[in-house]
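Data block for structure_20.cif (mmCIF, C-alpha atoms):
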```
data_model
loop_
_atom_site.label_atom_id
_atom_site.label_comp_id
_atom_site.auth_asym_id
_atom_site.auth_seq_id
_atom_site.Cartn_x
_atom_site.Cartn_y
_atom_site.Cartn_z
CA MET A 1 18.16 32.27 -7.48
CA ASN A 2 19.51 35.55 -8.76
CA GLN A 3 18.82 39.29 -8.34
CA LEU A 4 18.79 38.97 -4.52
CA HIS A 5 18.22 42.13 -2.48
CA PRO A 6 16.58 42.95 0.85
CA ASN A 7 12.88 43.80 0.73
CA LEU A 8 11.53 45.63 3.76
CA PRO A 9 7.77 46.08 4.25
CA ALA A 10 6.34 49.55 4.41
CA PRO A 11 6.24 51.05 7.91
CA GLY A 12 3.42 49.59 9.95
CA ASP A 13 2.97 46.63 7.58
CA ASN A 14 3.92 43.29 9.20
CA PRO A 15 6.76 44.71 11.29
CA GLY A 16 9.69 42.35 11.69
CA ASP A 17 9.15 40.55 8.33
CA ARG A 18 12.13 40.58 6.02
CA PHE A 19 12.25 38.97 2.60
CA GLU A 20 14.92 38.56 0.02
CA ILE A 21 13.70 38.57 -3.55
CA GLY A 22 15.05 36.34 -6.27
CA SER A 23 13.78 34.75 -9.45
CA PHE A 24 14.11 31.58 -11.48
CA ASP A 25 13.28 30.66 -15.03
CA PHE A 26 10.19 28.50 -15.49
CA HIS A 27 10.07 27.32 -19.12
CA GLY A 28 11.12 30.72 -20.41
CA ASP A 29 9.17 32.93 -17.95
CA PRO A 30 10.78 34.53 -14.87
CA VAL A 31 9.08 33.67 -11.56
CA THR A 32 9.62 35.78 -8.44
CA ILE A 33 10.77 34.02 -5.28
CA LEU A 34 10.56 35.48 -1.75
CA SER A 35 12.92 33.95 0.80
CA ASP A 36 12.85 34.10 4.59
CA ARG A 37 13.78 31.81 7.48
CA ALA A 38 10.86 29.48 6.64
CA GLY A 39 12.11 28.89 3.11
CA ASN A 40 11.11 30.10 -0.34
CA TRP A 41 7.70 31.45 -1.31
CA ALA A 42 6.11 32.12 -4.70
CA VAL A 43 3.60 34.89 -5.38
CA LEU A 44 0.47 33.15 -6.58
CA GLY A 45 -0.86 36.22 -8.37
CA GLN A 46 2.25 36.49 -10.50
CA LEU A 47 2.24 32.76 -11.29
CA CYS A 48 -1.40 32.91 -12.37
CA GLN A 49 -0.72 36.02 -14.47
CA ASN A 50 2.10 34.22 -16.27
CA LEU A 51 -0.14 31.18 -16.84
CA THR A 52 -3.27 33.21 -17.78
CA LEU A 53 -5.19 31.67 -14.87
CA ASP A 54 -7.71 33.27 -12.51
CA PRO A 55 -5.77 33.95 -9.26
CA ASN A 56 -8.91 33.97 -7.07
CA GLY A 57 -10.06 30.60 -8.38
CA GLN A 58 -6.60 29.11 -7.88
CA ARG A 59 -6.37 30.52 -4.37
CA GLN A 60 -9.72 28.97 -3.43
CA MET A 61 -8.62 25.63 -4.87
CA ILE A 62 -5.35 25.71 -2.90
CA GLU A 63 -7.05 26.64 0.38
CA ARG A 64 -9.34 23.57 0.07
CA LYS A 65 -6.43 21.12 -0.24
CA SER A 66 -5.06 19.28 2.79
CA TRP A 67 -1.54 19.32 1.32
CA ALA A 68 -1.59 23.15 1.45
CA ARG A 69 -2.31 23.49 5.18
CA GLY A 70 0.32 25.63 6.87
CA LYS A 71 2.05 26.26 3.54
CA THR A 72 0.34 29.52 2.51
CA CYS A 73 0.27 33.03 3.92
CA VAL A 74 -0.70 36.60 3.08
CA SER A 75 2.03 39.18 3.55
CA HIS A 76 2.72 42.75 2.52
CA VAL A 77 5.71 42.72 0.19
CA MET A 78 7.15 45.11 -2.32
CA LEU A 79 7.97 43.38 -5.58
CA PRO A 80 10.51 44.64 -8.13
CA GLY A 81 9.06 47.55 -10.08
CA GLN A 82 6.64 48.53 -7.28
CA VAL A 83 6.95 51.66 -5.14
CA ARG A 84 5.16 50.27 -2.09
CA ALA A 85 4.26 46.98 -0.45
CA TYR A 86 1.00 45.23 -1.32
CA PRO A 87 -0.68 42.21 0.30
CA GLN A 88 0.27 39.07 -1.60
CA PHE A 89 -0.97 35.49 -1.29
CA LEU A 90 2.18 33.37 -1.05
CA ILE A 91 2.56 29.64 -1.48
CA HIS A 92 5.53 27.76 -0.04
CA GLU A 93 7.96 26.04 -2.38
CA ARG A 94 6.95 22.64 -0.95
CA ILE A 95 3.45 22.85 -2.45
CA VAL A 96 4.26 24.47 -5.80
CA PRO A 97 4.68 21.05 -7.51
CA MET A 98 1.32 19.83 -6.14
CA TRP A 99 -0.36 23.04 -7.27
CA LEU A 100 1.08 22.69 -10.77
CA ALA A 101 0.01 19.05 -10.89
CA ASN A 102 -3.59 20.03 -10.04
CA ILE A 103 -3.96 22.74 -12.68
CA THR A 104 -6.61 22.04 -15.32
CA THR A 105 -4.63 22.96 -18.41
CA SER A 106 -7.73 23.38 -20.60
CA ARG A 107 -8.34 26.66 -18.75
CA ILE A 108 -5.07 28.13 -20.01
CA ALA A 109 -5.73 30.26 -23.07
CA ASP A 110 -2.14 30.60 -24.29
CA GLU A 111 -1.23 27.44 -26.19
CA ALA A 112 2.52 27.80 -25.55
CA VAL A 113 1.94 28.25 -21.80
CA ARG A 114 -0.44 25.29 -21.78
CA ARG A 115 2.22 23.08 -23.38
CA ASN A 116 4.75 24.24 -20.78
CA ILE A 117 2.42 23.33 -17.89
CA GLU A 118 1.59 19.96 -19.41
CA LEU A 119 5.32 19.33 -19.81
CA ALA A 120 5.87 20.27 -16.16
CA GLN A 121 3.05 17.95 -15.08
CA THR A 122 4.65 15.09 -17.03
CA GLU A 123 7.99 15.80 -15.36
CA LEU A 124 6.31 15.82 -11.94
CA ALA A 125 4.61 12.49 -12.66
CA ASP A 126 7.95 10.99 -13.68
CA ALA A 127 9.64 12.36 -10.57
CA LEU A 128 6.88 10.97 -8.32
CA TYR A 129 7.14 7.56 -9.98
CA GLU A 130 10.92 7.59 -9.53
CA TYR A 131 10.54 8.44 -5.84
CA VAL A 132 7.93 5.75 -5.20
CA THR A 133 9.88 3.01 -6.97
CA ARG A 134 13.22 4.01 -5.44
CA HIS A 135 12.01 4.35 -1.86
CA GLY A 136 9.49 1.53 -1.94
CA VAL A 137 6.57 3.61 -0.71
CA THR A 138 3.64 1.32 -0.04
CA ARG A 139 0.09 1.86 1.07
CA GLU A 140 -1.03 0.17 4.26
CA PRO A 141 -3.80 -2.33 3.43
CA THR A 142 -7.24 -1.68 4.90
CA LYS A 143 -8.80 -4.05 7.45
CA LEU A 144 -11.21 -5.26 4.76
CA GLU A 145 -8.32 -6.06 2.41
CA LEU A 146 -6.48 -7.90 5.20
CA ALA A 147 -9.63 -9.90 6.00
CA ARG A 148 -10.08 -10.84 2.33
CA ASP A 149 -6.45 -11.93 2.06
CA LEU A 150 -6.81 -14.05 5.21
CA VAL A 151 -9.96 -15.76 3.89
CA ALA A 152 -8.25 -16.44 0.56
CA MET A 153 -5.22 -17.88 2.33
CA LEU A 154 -7.35 -20.15 4.52
CA GLU A 155 -9.38 -21.34 1.53
CA ALA A 156 -6.19 -22.11 -0.40
CA LYS A 157 -4.77 -24.01 2.60
CA GLU A 158 -7.96 -26.05 2.98
CA ALA A 159 -8.00 -26.86 -0.76
CA LEU A 160 -4.36 -27.99 -0.60
CA GLU A 161 -5.00 -30.21 2.42
CA THR A 162 -8.05 -31.74 0.69
CA ALA A 163 -6.00 -32.45 -2.42
CA ASN A 164 -3.24 -34.04 -0.35
CA ARG A 165 -5.74 -36.26 1.45
CA ALA A 166 -7.19 -37.35 -1.88
CA LEU A 167 -3.77 -38.10 -3.35
CA THR A 168 -2.18 -40.00 -0.46
CA PRO A 169 -4.82 -41.93 1.52
CA LYS A 170 -3.38 -45.33 0.74
CA ALA A 171 0.26 -44.35 0.99
CA ASP A 172 -0.27 -43.17 4.54
CA LYS A 173 -1.45 -46.56 5.75
CA TRP A 174 1.83 -48.20 4.64
CA GLU A 175 3.97 -45.54 6.33
CA ARG A 176 4.94 -47.69 9.34
CA PHE A 177 6.13 -50.49 7.01
CA VAL A 178 8.41 -48.29 4.89
CA ASN A 179 12.18 -48.45 5.42
CA SER A 180 14.68 -45.57 5.28
CA ASP A 181 14.79 -45.81 1.47
CA GLY A 182 11.03 -45.37 1.22
CA LEU A 183 10.54 -49.02 0.21
CA ILE A 184 8.76 -52.02 1.76
CA ALA A 185 10.57 -55.34 2.27
CA MET A 186 8.81 -58.68 1.63
CA ASN A 187 8.41 -59.58 5.31
CA ALA A 188 7.00 -56.09 6.03
CA ALA A 189 4.63 -56.41 3.06
CA ALA A 190 3.40 -59.76 4.39
CA LYS A 191 2.66 -58.14 7.76
CA ALA A 192 0.96 -55.18 6.13
CA LEU A 193 -1.43 -57.44 4.16
CA ARG A 194 -1.98 -60.01 6.90
CA GLU A 195 -5.70 -59.23 7.24
CA ILE A 196 -6.25 -59.67 3.50
CA THR A 197 -4.10 -62.80 3.07
CA GLY A 198 -5.37 -64.53 6.20
CA GLY A 199 -2.09 -64.18 8.05
CA LEU A 200 0.34 -65.66 5.52
CA GLY A 201 3.99 -65.70 6.59
CA ARG A 202 6.85 -64.50 4.40
CA THR A 203 7.42 -67.84 2.58
CA LYS A 204 3.78 -68.51 1.70
CA PHE A 205 3.32 -64.83 0.91
CA MET A 206 6.09 -65.05 -1.71
CA ASP A 207 4.52 -68.25 -3.09
CA LEU A 208 1.32 -66.22 -3.51
CA LEU A 209 3.27 -63.58 -5.42
CA ARG A 210 4.49 -66.26 -7.86
CA SER A 211 0.99 -67.64 -8.44
CA ASP A 212 -0.74 -67.23 -11.81
CA ARG A 213 -3.34 -65.00 -10.17
CA ILE A 214 -0.86 -62.41 -8.90
CA HIS A 215 1.96 -62.93 -11.41
CA PHE A 216 4.36 -60.66 -9.52
CA LEU A 217 7.52 -62.74 -8.91
CA GLN A 218 9.12 -64.74 -11.68
CA LYS A 219 8.91 -68.52 -11.50
CA GLN A 220 12.30 -69.03 -13.11
CA ASN A 221 13.91 -66.38 -10.87
CA PRO A 222 11.67 -66.56 -7.79
CA ARG A 223 13.06 -63.55 -5.92
CA ILE A 224 12.83 -61.08 -8.84
CA PRO A 225 9.61 -59.38 -10.08
CA TYR A 226 8.50 -59.31 -13.68
CA GLU A 227 9.89 -56.31 -15.56
CA GLU A 228 6.43 -54.77 -16.06
CA HIS A 229 6.08 -54.19 -12.30
CA VAL A 230 9.41 -52.36 -12.13
CA LYS A 231 8.51 -50.21 -15.12
CA LYS A 232 5.15 -49.29 -13.54
CA GLY A 233 6.80 -48.27 -10.26
CA ARG A 234 5.36 -51.10 -8.20
CA ALA A 235 8.69 -52.66 -7.23
CA GLU A 236 12.43 -52.02 -7.05
CA VAL A 237 15.30 -54.49 -7.04
CA LYS A 238 18.35 -53.64 -4.96
CA LEU A 239 21.66 -55.30 -4.14
CA VAL A 240 21.84 -56.04 -0.41
CA GLU A 241 24.63 -57.59 1.63
CA ALA A 242 23.90 -61.13 2.81
CA GLY A 243 26.73 -62.53 4.88
CA TYR A 244 29.88 -62.41 2.75
CA ARG A 245 28.15 -61.78 -0.54
CA TRP A 246 25.74 -59.41 -2.23
CA THR A 247 22.37 -60.58 -3.51
CA GLU A 248 19.42 -59.08 -5.33
CA GLN A 249 16.35 -58.38 -3.21
CA THR A 250 12.91 -57.18 -4.28
CA PHE A 251 11.08 -54.40 -2.47
CA PHE A 252 7.54 -53.10 -2.88
CA THR A 253 6.84 -49.42 -3.35
CA SER A 254 3.77 -47.90 -1.67
CA LYS A 255 2.20 -47.84 -5.14
CA GLY A 256 2.98 -51.53 -5.58
CA LEU A 257 1.45 -52.45 -2.23
CA ASP A 258 -1.68 -50.48 -3.16
CA TRP A 259 -1.87 -52.49 -6.39
CA LEU A 260 -1.42 -55.80 -4.57
CA ALA A 261 -4.00 -54.95 -1.89
CA ASP A 262 -6.55 -54.06 -4.57
CA ARG A 263 -5.79 -57.24 -6.47
CA LEU A 264 -6.15 -59.46 -3.41
CA SER A 265 -9.36 -57.73 -2.32
CA THR A 266 -11.29 -58.42 -5.52
CA ASP A 267 -12.57 -61.64 -6.99
CA VAL A 268 -11.91 -60.30 -10.47
CA THR A 269 -8.29 -60.50 -11.46
CA PRO A 270 -7.28 -57.10 -12.86
CA ALA A 271 -4.85 -56.74 -15.73
CA ALA A 272 -1.25 -56.66 -14.75
#
```
Can you turn what I pasted into structure tokens?
Amino acid sequence: MNQLHPNLPAPGDNPGDRFEIGSFDFHGDPVTILSDRAGNWAVLGQLCQNLTLDPNGQRQMIERKSWARGKTCVSHVMLPGQVRAYPQFLIHERIVPMWLANITTSRIADEAVRRNIELAQTELADALYEYVTRHGVTREPTKLELARDLVAMLEAKEALETANRALTPKADKWERFVNSDGLIAMNAAAKALREITGGLGRTKFMDLLRSDRIHFLQKQNPRIPYEEHVKKGRAEVKLVEAGYRWTEQTFFTSKGLDWLADRLSTDVTPAA
């Protein structure tokens, strides 16, 4: 601020008040500022005169706003160029931006002034956006919004569990036969399908896998599956240590055991 000087009220008018008067430039127009221990105050009447607005209408609008509570006052002050103090409606510097933001610019007759106010409102909007994004100001959700979010979350969880049950019902029943690699050895597969095969042991179970009906293990290489079963993810062949040497061993996948169980449970031989 500039042009500071003490401003004492007329005798008998608000004794004890003391203001210092200054001014600042607002888009080319000087605006008077009154300063005391509570901060800086603007004279609403002067602001409205500069903006060609009705001061009474603006005062009524401000007094209705919750953001203006405790931030306005009426005080006798003597402004520059006056010979005595007059009552003035003052608004605190903290609410000046909100007041400017709430002005209906179509009521301003002077086109240049209207452009200045609209420019100030744009600057205020930008400053508010910058504050919100920088400080992460968030609105607390209402109880209804929280309830809706909870219902949506529970519905999504139920849908996911239903989908999982539909996708893995058969895989779950082989879980206790699966080894640490996620595969099923021949002896474990024979045990898993005992009810379907009538209790076949490992040797007869592997003979069944070589039969023309099942066509799973090769006849010329009786421990190795046909390539089509490996490609379709029904089996894997791994090198395992047997005594002092390494040998190839066939394992079922859960998918392969599903396929075999379905094949053994039907009288119609499905395509391989």
Interatomic distance between atom CA of Glu63 of chain A and atom CA of Val113 of chain A?
24.0 Å
Name the residues that the PyMOL selection byres ((chain A and resi 25-40) around 12) pulls out of this structure, and write them as number ranges by chain.
A: 1-8, 16-24, 41-51, 70-73, 75-81, 88-96, 100, 112-120
For Phe251 of chain A, work out the shell of residues within 6 Å, counting all atoms listed in the file and skipping chain neighbours fewer than 4 positions away, then give it as number ranges by chain.
A: 184-185, 235-236
For the structure shown, which residues end up in the PyMOL selection byres ((chain A and resi 191-207) around 9)? Put them as a PyMOL selection string, please?
chain A and resi 173-174+177+186-190+208-211+217+222-223+257+260-261+264-265
Output C-alpha atoms for every residue in that selection, as a PDB file, in the coordinates of the input.
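Below you can see again-v8.pdb, which holds the result:
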```pdb
ATOM      1  CA  LYS A 173      -1.450 -46.560   5.750  1.00  0.00           C
ATOM      2  CA  TRP A 174       1.830 -48.200   4.640  1.00  0.00           C
ATOM      3  CA  PHE A 177       6.130 -50.490   7.010  1.00  0.00           C
ATOM      4  CA  MET A 186       8.810 -58.680   1.630  1.00  0.00           C
ATOM      5  CA  ASN A 187       8.410 -59.580   5.310  1.00  0.00           C
ATOM      6  CA  ALA A 188       7.000 -56.090   6.030  1.00  0.00           C
ATOM      7  CA  ALA A 189       4.630 -56.410   3.060  1.00  0.00           C
ATOM      8  CA  ALA A 190       3.400 -59.760   4.390  1.00  0.00           C
ATOM      9  CA  LEU A 208       1.320 -66.220  -3.510  1.00  0.00           C
ATOM     10  CA  LEU A 209       3.270 -63.580  -5.420  1.00  0.00           C
ATOM     11  CA  ARG A 210       4.490 -66.260  -7.860  1.00  0.00           C
ATOM     12  CA  SER A 211       0.990 -67.640  -8.440  1.00  0.00           C
ATOM     13  CA  LEU A 217       7.520 -62.740  -8.910  1.00  0.00           C
ATOM     14  CA  PRO A 222      11.670 -66.560  -7.790  1.00  0.00           C
ATOM     15  CA  ARG A 223      13.060 -63.550  -5.920  1.00  0.00           C
ATOM     16  CA  LEU A 257       1.450 -52.450  -2.230  1.00  0.00           C
ATOM     17  CA  LEU A 260      -1.420 -55.800  -4.570  1.00  0.00           C
ATOM     18  CA  ALA A 261      -4.000 -54.950  -1.890  1.00  0.00           C
ATOM     19  CA  LEU A 264      -6.150 -59.460  -3.410  1.00  0.00           C
ATOM     20  CA  SER A 265      -9.360 -57.730  -2.320  1.00  0.00           C
TER      21      SER A 265
END
```
Atom CA of Asp126 of chain A to atom CA of Ala109 of chain A: how many Å, to one decimal?
25.4 Å
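Picture a line from atom CA of Ala101 of chain A to atom CA of Gln121 of chain A; it runs 5.3 Å.
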I need the output of the PyMOL selection byres ((chain A and resi 229) around 12) for this file as a PyMOL selection string; which residues are they?
chain A and resi 209+214-218+224-228+230-237+250-253+255-257+259-260+271-272
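Among A:Ala242, A:Met153, A:Leu160, A:Leu53, the residue with the shortest atom-to-atom distance to Thr105 of chain A, counting only C-alpha atoms, is A:Leu53.
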Pick the closest to Tyr86 of chain A from A:Val74, A:Asp54, A:Ser106, A:Pro141: which is it, counting all atoms listed in the file?
A:Val74
Coordinate excerpt as a PDB file, in the first residue's frame: segment 207-218 of chain A, N, CA, C and O atoms:
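That gives us result-v2.pdb:
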```pdb
ATOM      1  N   ASP A 207      -1.530 -98.702 -18.988  1.00  0.00           N
ATOM      2  CA  ASP A 207      -1.977 -99.507 -20.132  1.00  0.00           C
ATOM      3  C   ASP A 207      -3.244 -98.903 -20.723  1.00  0.00           C
ATOM      4  O   ASP A 207      -3.411 -98.867 -21.956  1.00  0.00           O
ATOM      5  N   LEU A 208      -4.130 -98.409 -19.837  1.00  0.00           N
ATOM      6  CA  LEU A 208      -5.364 -97.765 -20.311  1.00  0.00           C
ATOM      7  C   LEU A 208      -5.043 -96.523 -21.128  1.00  0.00           C
ATOM      8  O   LEU A 208      -5.678 -96.258 -22.155  1.00  0.00           O
ATOM      9  N   LEU A 209      -4.020 -95.786 -20.695  1.00  0.00           N
ATOM     10  CA  LEU A 209      -3.648 -94.563 -21.406  1.00  0.00           C
ATOM     11  C   LEU A 209      -3.070 -94.842 -22.783  1.00  0.00           C
ATOM     12  O   LEU A 209      -3.093 -93.988 -23.672  1.00  0.00           O
ATOM     13  N   ARG A 210      -2.556 -96.068 -22.991  1.00  0.00           N
ATOM     14  CA  ARG A 210      -2.006 -96.445 -24.301  1.00  0.00           C
ATOM     15  C   ARG A 210      -3.064 -97.062 -25.214  1.00  0.00           C
ATOM     16  O   ARG A 210      -2.792 -97.335 -26.396  1.00  0.00           O
ATOM     17  N   SER A 211      -4.248 -97.328 -24.671  1.00  0.00           N
ATOM     18  CA  SER A 211      -5.291 -97.995 -25.449  1.00  0.00           C
ATOM     19  C   SER A 211      -5.768 -97.103 -26.592  1.00  0.00           C
ATOM     20  O   SER A 211      -5.582 -95.883 -26.579  1.00  0.00           O
ATOM     21  N   ASP A 212      -6.393 -97.731 -27.602  1.00  0.00           N
ATOM     22  CA  ASP A 212      -6.891 -96.965 -28.744  1.00  0.00           C
ATOM     23  C   ASP A 212      -7.992 -95.997 -28.323  1.00  0.00           C
ATOM     24  O   ASP A 212      -8.179 -94.953 -28.955  1.00  0.00           O
ATOM     25  N   ARG A 213      -8.709 -96.345 -27.278  1.00  0.00           N
ATOM     26  CA  ARG A 213      -9.810 -95.473 -26.831  1.00  0.00           C
ATOM     27  C   ARG A 213      -9.284 -94.157 -26.275  1.00  0.00           C
ATOM     28  O   ARG A 213      -9.809 -93.097 -26.583  1.00  0.00           O
ATOM     29  N   ILE A 214      -8.234 -94.229 -25.453  1.00  0.00           N
ATOM     30  CA  ILE A 214      -7.718 -93.024 -24.808  1.00  0.00           C
ATOM     31  C   ILE A 214      -6.659 -92.350 -25.670  1.00  0.00           C
ATOM     32  O   ILE A 214      -6.646 -91.140 -25.831  1.00  0.00           O
ATOM     33  N   HIS A 215      -5.726 -93.153 -26.213  1.00  0.00           N
ATOM     34  CA  HIS A 215      -4.736 -92.635 -27.156  1.00  0.00           C
ATOM     35  C   HIS A 215      -3.952 -91.465 -26.540  1.00  0.00           C
ATOM     36  O   HIS A 215      -3.817 -90.395 -27.129  1.00  0.00           O
ATOM     37  N   PHE A 216      -3.448 -91.710 -25.317  1.00  0.00           N
ATOM     38  CA  PHE A 216      -2.719 -90.652 -24.613  1.00  0.00           C
ATOM     39  C   PHE A 216      -1.211 -90.916 -24.644  1.00  0.00           C
ATOM     40  O   PHE A 216      -0.424 -90.045 -25.027  1.00  0.00           O
ATOM     41  N   LEU A 217      -0.787 -92.132 -24.243  1.00  0.00           N
ATOM     42  CA  LEU A 217       0.632 -92.479 -24.274  1.00  0.00           C
ATOM     43  C   LEU A 217       0.963 -93.215 -25.575  1.00  0.00           C
ATOM     44  O   LEU A 217       0.152 -93.987 -26.094  1.00  0.00           O
ATOM     45  N   GLN A 218       2.166 -92.961 -26.065  1.00  0.00           N
ATOM     46  CA  GLN A 218       2.585 -93.588 -27.309  1.00  0.00           C
ATOM     47  C   GLN A 218       2.852 -95.088 -27.109  1.00  0.00           C
ATOM     48  O   GLN A 218       3.327 -95.495 -26.046  1.00  0.00           O
TER      49      GLN A 218
END
```
